[in-house]
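As provided, run03.cif (mmCIF, C-alpha atoms and all ligand atoms) reads as follows.
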data_run
#
loop_
_atom_site.label_atom_id
_atom_site.label_comp_id
_atom_site.auth_asym_id
_atom_site.auth_seq_id
_atom_site.Cartn_x
_atom_site.Cartn_y
_atom_site.Cartn_z
CA MET A 1 12.06 -53.63 61.62
CA SER A 2 10.50 -50.64 63.31
CA GLU A 3 6.86 -50.57 64.35
CA LEU A 4 4.16 -47.95 64.72
CA ARG A 5 2.37 -47.86 68.06
CA LYS A 6 -0.71 -45.82 68.83
CA ASP A 7 -1.05 -44.06 72.15
CA PRO A 8 -4.47 -45.21 73.36
CA ILE A 9 -5.15 -41.96 75.21
CA THR A 10 -4.22 -39.24 72.70
CA GLY A 11 -4.32 -41.25 69.48
CA ARG A 12 -0.76 -40.16 68.70
CA TRP A 13 1.31 -42.64 66.67
CA VAL A 14 4.90 -43.29 67.70
CA ILE A 15 7.62 -44.95 65.61
CA ILE A 16 9.49 -47.41 67.78
CA SER A 17 12.76 -47.80 65.93
CA THR A 18 15.47 -50.18 67.01
CA THR A 19 18.09 -49.47 64.33
CA ARG A 20 18.46 -45.71 64.50
CA GLY A 21 20.09 -45.61 67.91
CA LYS A 22 23.15 -47.19 66.39
CA ARG A 23 23.71 -44.65 63.64
CA PRO A 24 27.02 -42.87 63.54
CA SER A 25 27.45 -39.17 64.07
CA SER A 26 30.14 -36.98 62.63
CA PHE A 27 29.66 -34.34 65.30
CA GLY A 28 32.20 -33.75 67.99
CA THR A 29 34.83 -35.86 66.26
CA ALA A 30 35.51 -34.28 62.89
CA PRO A 31 35.60 -30.55 62.26
CA LYS A 32 33.88 -29.40 59.10
CA GLN A 33 37.05 -28.77 57.08
CA GLU A 34 38.55 -32.22 57.70
CA SER A 35 35.65 -34.56 57.23
CA PRO A 36 35.04 -34.83 53.43
CA LYS A 37 37.25 -37.93 53.08
CA MET A 38 35.15 -39.80 55.60
CA CYS A 39 31.84 -38.22 54.65
CA PRO A 40 29.45 -40.74 53.07
CA PHE A 41 27.68 -37.90 51.25
CA CYS A 42 30.82 -36.67 49.45
CA PRO A 43 31.61 -37.66 45.84
CA GLY A 44 33.89 -40.69 45.76
CA ASN A 45 32.18 -42.29 48.76
CA GLU A 46 29.06 -43.47 46.93
CA ASP A 47 29.83 -47.07 47.93
CA ASN A 48 29.18 -46.14 51.55
CA THR A 49 25.55 -45.22 50.90
CA PRO A 50 22.51 -47.15 49.67
CA VAL A 51 22.10 -46.93 45.87
CA GLU A 52 20.70 -43.71 44.47
CA VAL A 53 17.00 -43.43 43.64
CA LEU A 54 17.52 -40.18 41.75
CA ALA A 55 20.53 -38.11 40.73
CA TYR A 56 21.20 -35.01 38.67
CA ARG A 57 24.61 -35.62 37.15
CA ARG A 58 26.90 -34.58 34.33
CA ASN A 59 26.25 -36.32 31.01
CA GLY A 60 28.29 -39.47 30.55
CA THR A 61 28.79 -40.19 34.28
CA GLN A 62 27.70 -43.49 35.83
CA PRO A 63 25.04 -43.97 38.53
CA ASN A 64 26.49 -44.31 42.02
CA ARG A 65 29.78 -42.78 40.88
CA PRO A 66 31.02 -39.17 41.08
CA GLY A 67 29.78 -36.62 38.55
CA TRP A 68 26.50 -35.81 40.31
CA PHE A 69 25.51 -32.46 41.72
CA LEU A 70 22.42 -33.69 43.55
CA ARG A 71 21.74 -37.19 44.76
CA VAL A 72 18.78 -38.90 46.45
CA ILE A 73 19.35 -42.15 48.35
CA SER A 74 17.39 -44.28 50.78
CA ASN A 75 18.32 -43.54 54.37
CA LYS A 76 20.85 -46.09 55.60
CA TYR A 77 19.20 -46.00 59.02
CA PRO A 78 15.54 -45.59 58.08
CA ALA A 79 12.86 -44.74 60.61
CA LEU A 80 10.42 -46.61 58.34
CA ARG A 81 10.89 -49.24 55.63
CA ILE A 82 9.21 -50.00 52.32
CA GLU A 83 8.52 -53.67 53.17
CA GLY A 84 5.59 -54.73 55.35
CA SER A 85 1.84 -54.78 55.47
CA LEU A 86 -0.64 -52.06 56.30
CA SER A 87 -2.76 -54.19 58.59
CA ARG A 88 -3.14 -53.17 62.20
CA LYS A 89 -2.45 -55.73 64.86
CA PRO A 90 -4.48 -55.27 68.00
CA ASN A 91 -2.79 -56.28 71.20
CA GLY A 92 -5.43 -55.99 73.91
CA ILE A 93 -6.28 -52.29 74.13
CA TYR A 94 -3.17 -51.38 72.11
CA ASP A 95 -2.84 -50.86 68.36
CA GLN A 96 0.27 -51.59 66.40
CA MET A 97 1.30 -51.80 62.77
CA ASP A 98 4.44 -52.54 60.75
CA GLY A 99 6.76 -49.57 60.40
CA ILE A 100 6.22 -49.25 56.66
CA GLY A 101 7.06 -46.12 54.79
CA ALA A 102 9.91 -44.59 52.82
CA HIS A 103 12.79 -42.62 54.25
CA GLU A 104 15.06 -40.89 51.77
CA VAL A 105 17.91 -38.41 51.94
CA ILE A 106 18.31 -35.62 49.43
CA ILE A 107 22.01 -34.71 49.24
CA GLU A 108 21.63 -31.12 48.10
CA THR A 109 25.14 -30.51 46.79
CA ALA A 110 28.35 -32.39 46.03
CA GLU A 111 30.31 -29.73 47.94
CA HIS A 112 30.85 -30.67 51.56
CA SER A 113 31.39 -27.16 52.86
CA LYS A 114 28.30 -25.55 51.36
CA ASP A 115 25.00 -25.13 53.13
CA LEU A 116 21.69 -24.98 51.30
CA ALA A 117 21.62 -21.17 51.54
CA ASP A 118 25.07 -20.99 49.88
CA LEU A 119 23.82 -22.66 46.72
CA SER A 120 22.79 -20.61 43.70
CA VAL A 121 19.09 -20.02 43.05
CA ASP A 122 19.33 -22.53 40.21
CA GLU A 123 20.88 -25.17 42.46
CA ILE A 124 18.21 -24.61 45.11
CA LYS A 125 15.60 -24.90 42.39
CA ASN A 126 17.07 -28.33 41.58
CA VAL A 127 16.71 -29.36 45.23
CA LEU A 128 13.02 -28.33 45.18
CA TRP A 129 12.59 -30.10 41.87
CA ALA A 130 14.06 -33.27 43.36
CA PHE A 131 11.52 -33.01 46.22
CA ARG A 132 8.81 -32.80 43.58
CA GLU A 133 10.08 -35.77 41.60
CA ARG A 134 10.34 -37.98 44.67
CA ILE A 135 6.89 -36.99 45.96
CA LEU A 136 5.28 -37.71 42.58
CA ASP A 137 6.98 -41.10 42.47
CA LEU A 138 6.11 -42.14 46.04
CA GLN A 139 2.49 -41.00 45.68
CA LYS A 140 2.01 -43.94 43.32
CA ASP A 141 2.36 -46.30 46.28
CA HIS A 142 -1.16 -46.28 47.68
CA ARG A 143 -0.04 -47.35 51.12
CA PHE A 144 1.42 -43.88 51.71
CA LYS A 145 -1.02 -41.29 53.01
CA TYR A 146 1.46 -38.53 53.71
CA ILE A 147 4.85 -37.38 52.46
CA LEU A 148 6.79 -34.99 54.66
CA ILE A 149 9.91 -33.14 53.52
CA PHE A 150 12.10 -31.69 56.21
CA LYS A 151 15.58 -30.44 56.90
CA ASN A 152 17.64 -30.50 60.06
CA HIS A 153 20.49 -28.01 59.99
CA GLY A 154 23.05 -28.18 62.78
CA GLU A 155 23.48 -30.72 65.54
CA ALA A 156 21.04 -28.99 67.90
CA ALA A 157 18.36 -29.29 65.21
CA GLY A 158 18.96 -33.03 64.84
CA ALA A 159 21.38 -33.26 61.90
CA SER A 160 23.62 -36.30 62.29
CA LEU A 161 25.86 -35.49 59.30
CA GLU A 162 27.18 -32.06 58.38
CA HIS A 163 27.03 -32.41 54.60
CA SER A 164 23.98 -30.41 53.56
CA HIS A 165 20.95 -32.63 53.05
CA SER A 166 17.22 -32.77 53.56
CA GLN A 167 14.99 -35.76 54.12
CA LEU A 168 11.72 -37.23 53.03
CA ILE A 169 9.53 -39.58 55.02
CA ALA A 170 6.41 -41.17 53.55
CA THR A 171 4.02 -42.51 56.18
CA PRO A 172 0.97 -44.82 56.09
CA ILE A 173 -0.84 -42.44 58.47
CA VAL A 174 -1.47 -38.69 58.24
CA PRO A 175 0.66 -37.15 61.02
CA LYS A 176 -1.14 -35.59 63.99
CA ARG A 177 0.24 -32.08 63.39
CA VAL A 178 -1.14 -32.12 59.86
CA VAL A 179 -4.48 -33.49 61.05
CA GLU A 180 -4.69 -30.61 63.54
CA GLU A 181 -4.07 -28.06 60.78
CA ILE A 182 -6.62 -29.75 58.53
CA ARG A 183 -9.27 -29.82 61.29
CA GLY A 184 -8.76 -26.11 61.95
CA ALA A 185 -8.80 -25.23 58.26
CA GLU A 186 -11.92 -27.35 57.76
CA LYS A 187 -13.80 -25.61 60.57
CA TYR A 188 -12.88 -22.20 59.21
CA TYR A 189 -13.98 -23.23 55.74
CA GLU A 190 -17.37 -24.43 56.98
CA PHE A 191 -17.91 -21.10 58.66
CA ARG A 192 -16.46 -18.67 56.08
CA GLU A 193 -16.20 -20.77 52.91
CA ARG A 194 -12.68 -19.52 52.46
CA CYS A 195 -9.19 -20.90 52.97
CA ILE A 196 -7.82 -19.81 56.35
CA PHE A 197 -4.29 -19.59 54.94
CA CYS A 198 -5.42 -17.30 52.09
CA ASP A 199 -7.18 -15.13 54.67
CA ILE A 200 -4.06 -15.02 56.84
CA ILE A 201 -2.05 -13.87 53.82
CA ARG A 202 -4.59 -11.11 53.18
CA GLN A 203 -4.54 -9.98 56.79
CA GLU A 204 -0.73 -10.05 57.03
CA LEU A 205 -0.46 -7.98 53.84
CA THR A 206 -2.80 -5.44 55.42
CA ASP A 207 -1.24 -5.42 58.91
CA LYS A 208 2.33 -5.50 57.48
CA VAL A 209 3.93 -5.80 60.95
CA ARG A 210 4.74 -9.51 60.74
CA ILE A 211 5.86 -9.62 57.11
CA VAL A 212 9.49 -10.52 56.63
CA TYR A 213 9.47 -10.19 52.86
CA ASP A 214 6.98 -10.06 50.01
CA TYR A 215 8.47 -11.94 47.04
CA GLY A 216 5.51 -11.44 44.73
CA ASP A 217 4.46 -15.07 44.28
CA PHE A 218 5.54 -16.00 47.81
CA LEU A 219 5.33 -14.36 51.19
CA THR A 220 7.31 -14.87 54.40
CA PHE A 221 6.02 -13.75 57.75
CA THR A 222 6.29 -14.59 61.42
CA PRO A 223 2.98 -16.15 62.47
CA TYR A 224 0.73 -14.20 64.83
CA ALA A 225 0.97 -16.91 67.50
CA SER A 226 4.57 -17.96 66.75
CA ARG A 227 5.63 -20.83 69.01
CA PHE A 228 9.34 -20.08 68.71
CA PRO A 229 11.46 -16.94 68.37
CA PHE A 230 11.97 -16.12 64.69
CA GLU A 231 9.63 -18.88 63.54
CA THR A 232 9.04 -18.00 59.87
CA TRP A 233 6.42 -19.28 57.45
CA LEU A 234 6.78 -19.21 53.71
CA LEU A 235 3.57 -19.47 51.70
CA PRO A 236 2.61 -19.29 48.04
CA LYS A 237 0.16 -16.42 47.55
CA GLN A 238 -1.82 -18.45 45.07
CA HIS A 239 -3.96 -21.10 46.75
CA THR A 240 -2.40 -24.55 46.18
CA SER A 241 -2.77 -27.54 48.49
CA HIS A 242 0.32 -29.46 47.32
CA MET A 243 3.79 -28.12 46.67
CA VAL A 244 4.02 -30.38 43.60
CA ASP A 245 1.10 -28.52 42.01
CA ILE A 246 2.76 -25.13 41.63
CA SER A 247 3.72 -24.29 38.06
CA THR A 248 7.15 -25.17 36.73
CA ASP A 249 8.30 -21.55 36.38
CA THR A 250 7.30 -20.82 39.96
CA TYR A 251 10.04 -23.11 41.32
CA VAL A 252 12.69 -20.54 40.56
CA TYR A 253 10.79 -17.91 42.59
CA LEU A 254 10.35 -20.38 45.42
CA ALA A 255 14.11 -21.05 45.33
CA GLU A 256 14.80 -17.30 45.49
CA ALA A 257 12.42 -16.86 48.42
CA LEU A 258 13.90 -19.80 50.31
CA LYS A 259 17.48 -18.69 49.76
CA ASP A 260 16.68 -15.15 50.87
CA SER A 261 14.75 -16.35 53.95
CA LEU A 262 17.50 -18.72 55.08
CA ASN A 263 20.13 -16.04 54.59
CA ARG A 264 18.13 -13.49 56.59
CA LEU A 265 17.90 -15.98 59.41
CA ARG A 266 21.59 -16.72 59.18
CA VAL A 267 22.54 -13.07 59.39
CA ALA A 268 19.98 -12.23 62.07
CA LEU A 269 20.90 -15.11 64.36
CA ASN A 270 24.48 -15.92 63.28
CA ASP A 271 23.85 -19.21 61.47
CA PRO A 272 21.48 -20.81 63.97
CA PRO A 273 20.57 -24.50 63.92
CA PHE A 274 17.13 -24.78 62.34
CA ASN A 275 14.51 -27.14 60.99
CA PHE A 276 12.27 -26.57 58.07
CA ILE A 277 9.31 -28.64 57.11
CA ILE A 278 7.09 -28.59 54.07
CA HIS A 279 3.43 -29.09 54.92
CA SER A 280 1.38 -30.15 51.91
CA ALA A 281 -2.08 -31.74 52.03
CA PRO A 282 -2.20 -35.53 52.48
CA VAL A 283 -1.80 -37.59 49.29
CA GLY A 284 -4.89 -37.21 47.06
CA ASN A 285 -7.14 -34.24 46.39
CA GLU A 286 -9.56 -34.51 49.30
CA TYR A 287 -8.42 -31.27 50.94
CA ASP A 288 -7.63 -29.21 47.84
CA GLU A 289 -10.07 -26.42 48.74
CA ILE A 290 -9.26 -26.06 52.42
CA TYR A 291 -5.54 -26.73 52.75
CA HIS A 292 -2.76 -24.45 51.59
CA TRP A 293 0.77 -25.81 51.44
CA HIS A 294 3.52 -23.93 53.27
CA MET A 295 7.00 -24.14 54.72
CA GLU A 296 7.67 -23.64 58.40
CA ILE A 297 11.22 -22.58 59.25
CA ILE A 298 12.04 -22.95 62.94
CA PRO A 299 15.38 -21.79 64.33
CA LYS A 300 16.45 -23.82 67.35
CA ILE A 301 17.43 -21.09 69.78
CA THR A 302 15.23 -22.06 72.71
CA ARG A 303 14.62 -25.46 74.23
CA VAL A 304 11.26 -27.07 74.69
CA ALA A 305 11.17 -27.53 78.48
CA GLY A 306 8.93 -28.88 81.24
CA PHE A 307 6.09 -26.40 80.95
CA GLU A 308 5.85 -26.87 77.17
CA TRP A 309 5.96 -30.67 77.48
CA GLY A 310 3.41 -30.68 80.25
CA SER A 311 0.97 -28.18 78.83
CA GLY A 312 1.32 -27.83 75.07
CA PHE A 313 1.74 -24.09 75.68
CA TYR A 314 4.84 -22.53 74.19
CA ILE A 315 6.60 -19.62 75.81
CA ASN A 316 8.07 -17.44 73.11
CA PRO A 317 10.38 -14.71 74.43
CA THR A 318 10.49 -12.78 71.12
CA PRO A 319 7.27 -11.16 69.88
CA PRO A 320 6.83 -12.11 66.21
CA GLU A 321 6.45 -8.41 65.29
CA GLU A 322 9.96 -7.73 66.67
CA ALA A 323 11.43 -10.78 64.96
CA ALA A 324 9.90 -9.73 61.62
CA ALA A 325 11.14 -6.15 61.96
CA PHE A 326 14.63 -7.44 62.71
CA MET A 327 14.66 -9.81 59.74
CA ARG A 328 13.33 -7.12 57.40
CA GLU A 329 16.31 -4.92 58.36
CA VAL A 330 19.15 -7.40 57.84
CA ASP A 331 21.02 -7.60 54.56
CA PRO A 332 20.79 -11.23 53.37
CA SER A 333 23.84 -10.78 51.12
CA GLU A 334 25.91 -10.43 54.32
CA ALA A 335 25.50 -14.20 54.71
CA GLN A 336 27.84 -14.88 51.81
CA LYS A 337 30.54 -12.77 53.48
CA MET A 338 30.00 -14.55 56.78
CA PHE A 339 30.26 -17.87 55.03
CA ALA A 340 33.40 -16.85 53.12
CA ALA A 341 34.99 -15.80 56.40
CA LYS A 342 34.13 -19.18 57.94
CA ALA A 343 35.73 -21.07 55.05
CA ILE A 344 39.07 -19.26 55.39
CA VAL A 345 39.48 -19.97 59.13
ZN ZN B 401 30.56 -34.46 52.60
ZN ZN B 402 -5.41 -20.87 50.46
ZN ZN B 403 2.01 -26.37 58.92
#
Same coordinates, now as structure tokens:
Amino acid sequence: MSELRKDPITGRWVIISTTRGKRPSSFGTAPKQESPKMCPFCPGNEDNTPVEVLAYRRNGTQPNRPGWFLRVISNKYPALRIEGSLSRKPNGIYDQMDGIGAHEVIIETAEHSKDLADLSVDEIKNVLWAFRERILDLQKDHRFKYILIFKNHGEAAGASLEHSHSQLIATPIVPKRVVEEIRGAEKYYEFRERCIFCDIIRQELTDKVRIVYDYGDFLTFTPYASRFPFETWLLPKQHTSHMVDISTDTYVYLAEALKDSLNRLRVALNDPPFNFIIHSAPVGNEYDEIYHWHMEIIPKITRVAGFEWGSGFYINPTPPEEAAAFMREVDPSEAQKMFAAKAIV
């Protein structure tokens, strides 16, 4: 059982997890082309994973058997678990609570060698739809205040298995990063009575220099104060606080925008390790007016070092205007050729 501990100075919560250190890693031992037999996320190896909580599969196929093209399972080595109570246990000046939550893995494709950006727009739409279905289901558990979707691509970005997947963690506490964004958005709203994110979109569309691509319903740009080189944000132009609230037909446009953005990054930086996160408002409708959901895509091409750790400052060697100009220029369809070349080797 993991536990949540609160730092008494900063108020930051930390998950102290005893099980995750033991999890296996496929990196360094099995090259990509040889690992499907051993890969727990490949069809045929369903017995090696926890049972599925959701799957999109061919008609007539059995749960937890091959025939699926997308599968959601509980994480075998969860950072947080469903069982436990919400109550805080004081221990002198320290605060602690059970590590309750949900930790799920979304296996995005049955094909071991494909990355998310290789999937068709329709397949990516299914991945986004699975996020939506899982969020709507987990929101019913009133212990969960926040549901974060994220993806680690590549070992340097924290992926422990190569088979393309994303993850979901539901937490009993709103994470500090989200609280910071909410506080800032709240202050701006008090002052201007407008959503800061909507205003950023307006300004970026006027300035144009940091826009990577304008997809119509969605926009990608490199934020003005980007922390990392090629940090890219993807936002819906229409104000919505939760990803699950966008209209059904919009998912296909979101899938197109995500595929294009990931492919631009791949071509620009030669398939870099990256993380993406989806920031929606906390569960409930409390922040509907002030918060605007978005995706943050962060390539891992620099390391967070001493100065960053010590100060909270980030040193970004690539001005966001240059990164955006570079990503506007690249041809995202090149990514498919790069990928094809990789598969033949
Ligand atoms: Zn696999
Ligand atoms: Zn907004
Ligand atoms: Zn954010």
Site check for ligand ZN 403 (chain B): residues at most 7 Å away, only C-alpha atoms and all ligand atoms, as an MDAnalysis selection string: chainID A and resid 178 181 279 294:296
Near-Ala325 of chain A list (9 Å; only C-alpha atoms; drop same-chain fewer than 3 positions) as number ranges by chain: A: 209-212, 320-322, 328-329
Determine, using only C-alpha atoms and all ligand atoms, which residues of chain A have any atom at most 6 Å from an atom of ligand ZN 402 (chain B), and tabulate each with its shortest atom pair and distance in Å to one decimal place, rows ordered by chain and then rising number, as a tab-separated table.
residue	atom	partner	partner_atom	distance
A:Cys195	CA	B:ZN402	ZN	4.5
A:Phe197	CA	B:ZN402	ZN	4.8
A:Cys198	CA	B:ZN402	ZN	3.9
A:His239	CA	B:ZN402	ZN	4.0
A:His292	CA	B:ZN402	ZN	4.6
Would you mind listing the residues within 10 Å of ligand ZN 401 (chain B), counting only C-alpha atoms and all ligand atoms, as a list in words?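 The residues within 10 Å of ligand ZN 401 (chain B), counting only C-alpha atoms and all ligand atoms, are Lys32, Gln33, Glu34, Ser35, Pro36, Lys37, Met38, Cys39, Pro40, Phe41, Cys42, Pro43, Gly44, Asn45, Ile107, Thr109, Ala110, Glu111, His112, Ser113, Lys114, Leu161, Glu162, His163, Ser164 and His165 of chain A.
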Go ahead and find all residues with at least one atom no further than 8 Å from (-8.7, -28.3, 55.1) in the file's coordinates, using all atoms listed in the file; report them as a list in words.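 Collected hits near the coordinates: Glu181, Ile182, Arg183, Gly184, Ala185, Glu186, Lys187, Tyr189, Cys195, Tyr287, Asp288, Glu289, Ile290, Tyr291 and His292 of chain A.
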For Ile301 of chain A, work out the shell of residues within 9 Å, counting all atoms listed in the file and skipping chain neighbours fewer than 6 positions away, then give it as an mmCIF file with C-alpha atoms, in the frame of the given file.
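What landed in around34.cif:
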data_model
loop_
_atom_site.group_PDB
_atom_site.id
_atom_site.type_symbol
_atom_site.label_atom_id
_atom_site.label_comp_id
_atom_site.auth_asym_id
_atom_site.auth_seq_id
_atom_site.Cartn_x
_atom_site.Cartn_y
_atom_site.Cartn_z
ATOM 1 C CA ALA A 156 21.040 -28.990 67.900
ATOM 2 C CA PHE A 228 9.340 -20.080 68.710
ATOM 3 C CA PRO A 229 11.460 -16.940 68.370
ATOM 4 C CA PHE A 230 11.970 -16.120 64.690
ATOM 5 C CA LEU A 269 20.900 -15.110 64.360
ATOM 6 C CA PRO A 272 21.480 -20.810 63.970
ATOM 7 C CA PRO A 273 20.570 -24.500 63.920
ATOM 8 C CA PHE A 274 17.130 -24.780 62.340
#
